[in-house]
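Pasting model_6.cif here (mmCIF, C-alpha atoms):
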data_work
loop_
_atom_site.label_atom_id
_atom_site.label_comp_id
_atom_site.auth_asym_id
_atom_site.auth_seq_id
_atom_site.Cartn_x
_atom_site.Cartn_y
_atom_site.Cartn_z
CA TYR A 37 -11.01 -14.40 -10.85
CA GLN A 38 -12.67 -11.10 -9.93
CA SER A 39 -15.97 -10.83 -8.08
CA SER A 40 -17.40 -7.64 -9.49
CA GLY A 41 -19.84 -5.07 -8.17
CA ALA A 42 -17.84 -4.34 -5.03
CA TYR A 43 -16.10 -1.33 -3.50
CA GLY A 44 -12.34 -1.83 -3.58
CA PHE A 45 -10.35 -0.43 -0.64
CA ARG A 46 -7.35 0.75 -2.63
CA ASP A 47 -9.42 1.54 -5.74
CA GLN A 48 -11.71 4.03 -4.01
CA LEU A 49 -8.83 5.77 -2.26
CA GLN A 50 -6.78 6.03 -5.44
CA ASP A 51 -9.71 7.39 -7.42
CA VAL A 52 -10.65 10.01 -4.84
CA MET A 53 -7.18 11.59 -5.00
CA ALA A 54 -8.24 13.04 -8.36
CA LEU A 55 -10.93 15.04 -6.55
CA LEU A 56 -8.91 16.63 -3.74
CA HIS A 57 -8.95 20.06 -5.41
CA THR A 58 -12.56 20.00 -6.58
CA ARG A 59 -14.65 17.72 -4.30
CA ARG A 60 -13.00 18.00 -0.90
CA VAL A 61 -16.07 16.88 1.07
CA LEU A 62 -16.51 13.79 -1.08
CA ALA A 63 -12.82 12.93 -0.70
CA ARG A 64 -13.02 13.33 3.07
CA GLY A 65 -16.02 11.05 3.25
CA GLN A 66 -14.33 8.36 1.16
CA ILE A 67 -11.28 8.32 3.43
CA LEU A 68 -13.46 7.85 6.51
CA GLU A 69 -15.54 5.20 4.73
CA ALA A 70 -12.37 3.25 3.96
CA ALA A 71 -11.28 3.45 7.60
CA ARG A 72 -14.55 1.80 8.63
CA HIS A 73 -13.44 -1.29 6.71
CA GLN A 74 -10.20 -1.77 8.62
CA PHE A 75 -9.68 -4.50 11.20
CA GLU A 76 -8.37 -3.98 14.71
CA ALA A 77 -5.13 -5.71 13.64
CA GLY A 78 -4.56 -3.01 11.00
CA ASP A 79 -5.36 -4.97 7.82
CA VAL A 80 -8.43 -4.13 5.74
CA LEU A 81 -11.13 -5.60 3.57
CA HIS A 82 -9.82 -5.94 0.01
CA TRP A 83 -13.33 -5.18 -1.21
CA TRP A 84 -16.90 -5.20 0.12
CA ASN A 85 -20.44 -5.22 -1.22
CA PRO A 86 -22.73 -2.35 -0.13
CA PRO A 87 -25.08 -1.89 1.55
CA ALA A 88 -24.51 -4.73 4.05
CA GLY A 89 -20.74 -4.49 3.77
CA ARG A 90 -20.03 -8.19 3.35
CA GLY A 91 -16.46 -8.42 2.13
CA VAL A 92 -13.20 -10.30 1.81
CA ARG A 93 -10.30 -10.31 4.25
CA THR A 94 -7.06 -11.12 2.43
CA ARG A 95 -3.29 -11.09 2.68
CA PHE A 96 -2.82 -8.23 0.20
CA SER A 97 0.11 -6.16 1.34
CA ASP A 98 -0.64 -2.73 -0.13
CA ASP A 99 -4.35 -2.11 0.53
CA LEU A 100 -3.95 -0.94 4.12
CA LEU A 101 -1.09 1.45 3.28
CA TRP A 102 -3.27 3.51 0.94
CA LEU A 103 -5.14 4.82 4.01
CA PRO A 104 -2.17 6.73 5.54
CA TYR A 105 -0.86 7.64 2.08
CA VAL A 106 -4.11 9.22 0.90
CA THR A 107 -4.83 10.78 4.30
CA ALA A 108 -1.45 12.54 4.20
CA GLU A 109 -2.08 13.65 0.61
CA TYR A 110 -5.56 14.94 1.53
CA ILE A 111 -4.19 17.05 4.40
CA SER A 112 -1.33 18.34 2.25
CA VAL A 113 -3.75 19.56 -0.42
CA THR A 114 -6.67 20.76 1.72
CA GLY A 115 -5.03 21.73 5.02
CA ASP A 116 -7.88 19.94 6.82
CA GLU A 117 -6.02 18.46 9.80
CA SER A 118 -9.30 17.90 11.68
CA ILE A 119 -9.88 14.67 9.75
CA LEU A 120 -7.21 13.01 11.90
CA ASN A 121 -9.46 13.37 14.96
CA GLU A 122 -12.55 11.79 13.38
CA ASN A 123 -13.51 8.68 15.36
CA ILE A 124 -14.39 5.47 13.51
CA PRO A 125 -14.82 1.87 14.71
CA PHE A 126 -12.65 -1.00 13.54
CA LEU A 127 -14.06 -4.24 12.19
CA LYS A 128 -13.90 -7.34 14.37
CA GLY A 129 -12.95 -10.75 13.05
CA GLU A 130 -10.81 -13.80 13.65
CA ALA A 131 -7.43 -13.51 11.94
CA LEU A 132 -6.85 -15.62 8.83
CA LYS A 133 -5.56 -19.08 9.62
CA PRO A 134 -2.10 -19.99 8.26
CA GLU A 135 -3.64 -22.00 5.42
CA GLU A 136 -6.21 -19.28 4.50
CA MET A 137 -5.42 -16.80 1.74
CA GLU A 138 -8.77 -15.01 2.11
CA ARG A 139 -12.15 -15.15 3.84
CA TYR A 140 -15.40 -13.70 2.52
CA THR A 141 -18.07 -13.09 5.14
CA GLN A 142 -19.97 -10.43 7.10
CA PHE A 143 -17.73 -8.69 9.63
CA GLU A 144 -19.17 -6.68 12.49
CA ALA A 145 -17.97 -3.31 13.76
CA ALA A 146 -16.43 -3.06 17.22
CA ASN A 147 -18.13 -0.94 19.88
CA GLU A 148 -15.15 1.31 20.53
CA THR A 149 -14.06 4.03 18.14
CA TYR A 150 -10.58 5.30 17.39
CA SER A 151 -9.33 8.38 15.59
CA LEU A 152 -8.43 8.23 11.92
CA TYR A 153 -4.88 8.98 13.04
CA GLN A 154 -4.87 5.74 15.06
CA HIS A 155 -6.30 3.87 12.08
CA CYS A 156 -3.44 5.14 9.92
CA ARG A 157 -0.88 4.25 12.58
CA ARG A 158 -2.18 0.69 12.81
CA ALA A 159 -2.03 0.37 9.03
CA LEU A 160 1.62 1.44 9.04
CA ASP A 161 2.49 -0.84 11.95
CA LYS A 162 0.87 -3.82 10.21
CA GLY A 163 2.11 -2.95 6.74
CA THR A 164 5.77 -2.31 7.58
CA THR A 165 7.32 -5.72 7.04
CA ALA A 166 10.71 -6.99 5.83
CA GLY A 167 11.94 -10.16 4.16
CA ALA A 168 15.38 -11.56 3.44
CA HIS A 169 16.42 -8.52 1.37
CA GLY A 170 14.93 -6.00 3.78
CA LEU A 171 12.01 -5.35 1.44
CA PRO A 172 8.28 -5.50 2.30
CA LEU A 173 6.66 -8.92 2.08
CA MET A 174 4.48 -9.48 -0.99
CA GLY A 175 1.74 -11.36 0.85
CA GLY A 176 -1.28 -12.14 -1.32
CA GLY A 177 -0.47 -9.44 -3.86
CA ASP A 178 0.70 -5.83 -3.99
CA TRP A 179 -1.51 -3.66 -6.22
CA ASN A 180 -1.24 -6.20 -9.02
CA ASP A 181 -3.82 -8.76 -7.92
CA GLY A 182 -2.52 -11.15 -10.57
CA MET A 183 0.75 -11.55 -8.65
CA ASN A 184 -1.03 -13.33 -5.80
CA ARG A 185 1.25 -16.40 -5.97
CA VAL A 186 4.62 -14.61 -5.89
CA GLY A 187 4.71 -14.49 -2.10
CA MET A 188 1.94 -16.90 -1.12
CA ASP A 189 4.24 -18.77 1.30
CA GLY A 190 4.98 -15.58 3.19
CA ARG A 191 8.59 -14.99 2.13
CA GLY A 192 8.27 -13.23 -1.24
CA GLU A 193 9.19 -9.55 -1.33
CA SER A 194 7.87 -6.64 -3.40
CA VAL A 195 10.16 -4.01 -4.89
CA TRP A 196 7.27 -1.75 -5.89
CA LEU A 197 5.87 -1.92 -2.35
CA GLY A 198 9.28 -0.86 -1.07
CA TRP A 199 9.04 2.39 -3.04
CA PHE A 200 5.42 2.92 -2.02
CA LEU A 201 6.02 2.19 1.67
CA HIS A 202 8.98 4.57 1.63
CA ALA A 203 6.78 7.32 0.20
CA THR A 204 4.02 6.62 2.73
CA LEU A 205 6.38 6.68 5.73
CA LYS A 206 7.92 9.96 4.59
CA ARG A 207 4.54 11.58 3.93
CA PHE A 208 2.99 10.45 7.20
CA ALA A 209 5.92 11.36 9.50
CA PRO A 210 4.98 15.09 9.62
CA LEU A 211 1.49 14.11 10.79
CA VAL A 212 3.02 12.11 13.63
CA ALA A 213 4.91 15.23 14.67
CA LEU A 214 1.69 17.24 14.39
CA MET A 215 -0.23 14.82 16.63
CA ASN A 216 2.61 14.29 19.12
CA ALA A 217 1.06 16.50 21.78
CA ILE A 218 -2.13 14.39 21.76
CA THR A 219 -0.67 10.94 21.12
CA PRO A 220 3.06 10.89 21.94
CA HIS A 221 4.96 9.07 19.22
CA ASP A 222 8.33 9.71 17.65
CA PRO A 223 8.17 10.53 13.91
CA ALA A 224 11.88 9.70 13.69
CA MET A 225 10.98 6.00 13.78
CA TYR A 226 9.11 6.27 10.47
CA LEU A 227 11.94 8.28 8.92
CA GLN A 228 14.48 5.68 10.08
CA LEU A 229 12.38 2.90 8.55
CA ALA A 230 12.20 4.84 5.29
CA GLU A 231 15.98 5.25 5.31
CA GLN A 232 16.48 1.51 5.89
CA LEU A 233 14.16 0.79 2.98
CA SER A 234 16.08 3.16 0.76
CA HIS A 235 19.34 1.33 1.49
CA ALA A 236 17.75 -2.10 0.90
CA LEU A 237 16.23 -0.99 -2.41
CA ASP A 238 19.53 0.45 -3.56
CA ALA A 239 21.49 -2.64 -2.54
CA HIS A 240 19.26 -5.44 -3.81
CA THR A 241 16.87 -4.34 -6.55
CA TRP A 242 18.94 -2.83 -9.39
CA ASP A 243 19.08 -5.21 -12.36
CA GLY A 244 21.59 -3.28 -14.47
CA ASP A 245 19.22 -1.17 -16.60
CA TRP A 246 16.08 -1.10 -14.47
CA TYR A 247 14.68 -2.16 -11.10
CA LEU A 248 13.38 -5.63 -10.32
CA ARG A 249 9.67 -6.08 -9.63
CA ALA A 250 9.78 -8.62 -6.80
CA PHE A 251 11.40 -11.70 -5.30
CA TYR A 252 9.51 -15.01 -5.20
CA ASP A 253 9.25 -17.01 -1.97
CA ASP A 254 12.40 -18.93 -2.95
CA GLY A 255 14.36 -15.74 -3.65
CA THR A 256 14.12 -15.92 -7.46
CA PRO A 257 13.90 -12.40 -8.94
CA LEU A 258 10.88 -11.25 -10.96
CA GLY A 259 11.21 -8.43 -13.47
CA SER A 260 14.81 -9.16 -14.43
CA HIS A 261 16.54 -9.25 -17.83
CA GLU A 262 17.07 -12.95 -17.07
CA ASN A 263 13.30 -13.60 -17.00
CA ILE A 264 11.57 -14.82 -20.16
CA GLU A 265 8.31 -13.18 -19.07
CA CYS A 266 7.78 -9.90 -17.19
CA GLN A 267 11.33 -8.73 -17.80
CA ILE A 268 10.42 -5.18 -16.83
CA ASP A 269 7.38 -3.78 -15.01
CA SER A 270 6.70 -0.07 -15.35
CA ILE A 271 5.41 0.54 -11.81
CA ALA A 272 8.68 -0.48 -10.19
CA GLN A 273 10.43 2.11 -12.37
CA SER A 274 7.89 4.94 -12.12
CA TRP A 275 7.58 4.63 -8.35
CA ALA A 276 11.34 4.68 -7.99
CA VAL A 277 10.93 8.24 -9.33
CA LEU A 278 7.66 9.11 -7.54
CA SER A 279 8.95 7.99 -4.15
CA GLY A 280 12.07 10.13 -4.41
CA ALA A 281 14.02 7.26 -2.89
CA ALA A 282 15.99 6.06 -5.91
CA ASP A 283 19.44 7.13 -7.04
CA SER A 284 18.80 9.83 -9.65
CA ALA A 285 21.06 8.29 -12.31
CA ARG A 286 19.50 4.86 -11.87
CA ALA A 287 15.99 6.34 -11.91
CA ALA A 288 16.72 8.10 -15.20
CA GLN A 289 18.13 4.88 -16.69
CA ALA A 290 15.11 2.91 -15.47
CA MET A 291 12.69 5.31 -17.18
CA GLU A 292 14.74 5.18 -20.36
CA SER A 293 14.38 1.39 -20.25
CA VAL A 294 10.60 1.81 -19.86
CA ASN A 295 10.53 4.04 -22.91
CA ARG A 296 12.70 1.66 -24.92
CA LEU A 297 11.00 -1.63 -23.97
CA LEU A 298 7.40 -0.80 -23.04
CA VAL A 299 6.41 2.15 -25.21
CA LYS A 300 5.36 1.40 -28.77
CA GLN A 301 6.76 4.17 -30.90
CA ALA A 302 4.69 5.79 -33.63
CA GLU A 303 5.27 4.42 -37.12
#

Represent the structure from my file as structure tokens, please.
Amino acid sequence: YQSSGAYGFRDQLQDVMALLHTRRVLARGQILEAARHQFEAGDVLHWWNPPAGRGVRTRFSDDLLWLPYVTAEYISVTGDESILNENIPFLKGEALKPEEMERYTQFEAANETYSLYQHCRRALDKGTTAGAHGLPLMGGGDWNDGMNRVGMDGRGESVWLGWFLHATLKRFAPLVALMNAITPHDPAMYLQLAEQLSHALDAHTWDGDWYLRAFYDDGTPLGSHENIECQIDSIAQSWAVLSGAADSARAAQAMESVNRLLVKQAE
């Protein structure tokens, strides 16, 4: 189901990337607004209802990573590094219990404030996970909200999220180097994590003609030629290219498979 009328964390950040060249101030404000809906633990509200801000805390695995990804993209386009020093409070709230997939309530802001840079760092620390194949855990869903049961037991892994996390780590590492004088932290750690992801993706996710979409909690692949449904998912193929992490020959073959299987040719 979808409760409508809310602000989506990932949705707003994705949308605002289209305005980086034309509405810089609006884009900046949206990034900071998103950061206000992040918990101290690093996870975020999946969506919230203005003006009170009542929202839902979930186990979605990608939402929080859009904050460092879009922040890095914003700085790359605008050159506005000052946004990293903007101070914003985190939300307070009891962590989800093991049996809880989500909780909808009013969450209060903490008294202390932290820089946007620290918000992004916490998102990366929380969002960098690894399952049996070395890929990020699927959690309650990974951009496709309809895949909320693939990793509901906490062991399922997302191939798409592997590509996206790789891209986010690579994009954010230069900002870690930039901020090193203020907040000492080694950007090499993020680059090493990205390299490990690249190896895991190369070793475990190629299905012969395209990349898998995910692994269920029990290790069964999703998005394979062996599957009756969802044999191929375009985002796992396109982000193999967008991330720059895939083998070039495999990436080309994957996109050819997209064109052959998912594009309806003109009559």

Evaluate the PyMOL selection byres ((chain A and resi 272) around 8) and record the selected residues as a CSV table (one decimal) with C-alpha atoms, in the frame of the given file, following the chain and residue labels used in the document.
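The resulting file, out_21.csv, is reproduced below:
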chain,number,residue,atom,x,y,z
A,195,VAL,CA,10.2,-4.0,-4.9
A,196,TRP,CA,7.3,-1.8,-5.9
A,199,TRP,CA,9.0,2.4,-3.0
A,247,TYR,CA,14.7,-2.2,-11.1
A,248,LEU,CA,13.4,-5.6,-10.3
A,249,ARG,CA,9.7,-6.1,-9.6
A,269,ASP,CA,7.4,-3.8,-15.0
A,270,SER,CA,6.7,-0.1,-15.4
A,271,ILE,CA,5.4,0.5,-11.8
A,273,GLN,CA,10.4,2.1,-12.4
A,274,SER,CA,7.9,4.9,-12.1
A,275,TRP,CA,7.6,4.6,-8.4
A,276,ALA,CA,11.3,4.7,-8.0

task: Starting from the shown file, work through the PyMOL selection byres ((chain A and resi 73) around 12) and note down what comes out as JSON, numbers by chain.
output: {"A": [43, 44, 45, 46, 66, 67, 68, 69, 70, 71, 72, 74, 75, 76, 77, 78, 79, 80, 81, 82, 83, 84, 85, 86, 88, 89, 90, 91, 92, 93, 99, 100, 103, 124, 125, 126, 127, 128, 129, 142, 143, 144, 145, 146, 152, 155, 159]}

statement: Pairwise distance, atom CA of A:Leu49 with atom CA of A:Trp102, equals 6.8 Å

- request: Rounded to one decimal place, report the atom CA of A:Thr256-atom CA of A:Asn180 distance in Å.
  value: 18.2 Å

message: Suppose a student applies the PyMOL selection byres ((chain A and resi 109-112) around 8) to this structure; what residues should they get, written as a VMD selection string?
response: chain A and resid 53 56 63 to 64 105 to 108 113 to 117 207

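Between atom CA of A:Gly167 and atom CA of A:Ala281 lies a distance of 18.9 Å.
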
task: Between A:Gln228, A:Thr149, A:Ser194, A:Ser234, single out the one closest to A:Ser279, counting all atoms listed in the file.
output: A:Ser234

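Distance cut-off 12 Å, centre (15.5, 8.1, -15.9), atoms counted only C-alpha atoms; the residues meeting this are A:Asp245, A:Trp246, A:Tyr247, A:Gln273, A:Ser274, A:Trp275, A:Ala276, A:Val277, A:Leu278, A:Ala282, A:Asp283, A:Ser284, A:Ala285, A:Arg286, A:Ala287, A:Ala288, A:Gln289, A:Ala290, A:Met291, A:Glu292, A:Ser293, A:Val294, A:Asn295, A:Arg296.
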
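Distance check against A:Ile218 using all atoms listed in the file: of A:Gln50, A:His57, A:Ala230, A:Ser151, the minimum falls on A:Ser151.
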
message: Calculated over all atoms listed in the file, which of the candidates A:Val61, A:Thr94, A:Ser118, A:Glu231 has the smallest distance to A:Ala131?
response: A:Thr94

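Closest approach to A:Leu171 from the set A:Leu197, A:Ala209, A:Ala224, A:Ala42 is made by A:Leu197, with distances taken over all atoms listed in the file.
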
query: Can you list, as number ranges by chain, every protein, DNA or RNA residue that comes within 8 Å of A:Pro223 when you count all atoms listed in the file, leaving out same-chain residues fewer than 6 positions away?
result: A: 209-210, 212-213

Please produce an output containing C-alpha atoms for each residue in the selection, written as a PDB file, in the coordinates of the input.
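Output (out.pdb):
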ATOM      1  CA  ALA A 209       5.920  11.360   9.500  1.00  0.00           C
ATOM      2  CA  PRO A 210       4.980  15.090   9.620  1.00  0.00           C
ATOM      3  CA  VAL A 212       3.020  12.110  13.630  1.00  0.00           C
ATOM      4  CA  ALA A 213       4.910  15.230  14.670  1.00  0.00           C
TER       5      ALA A 213
END
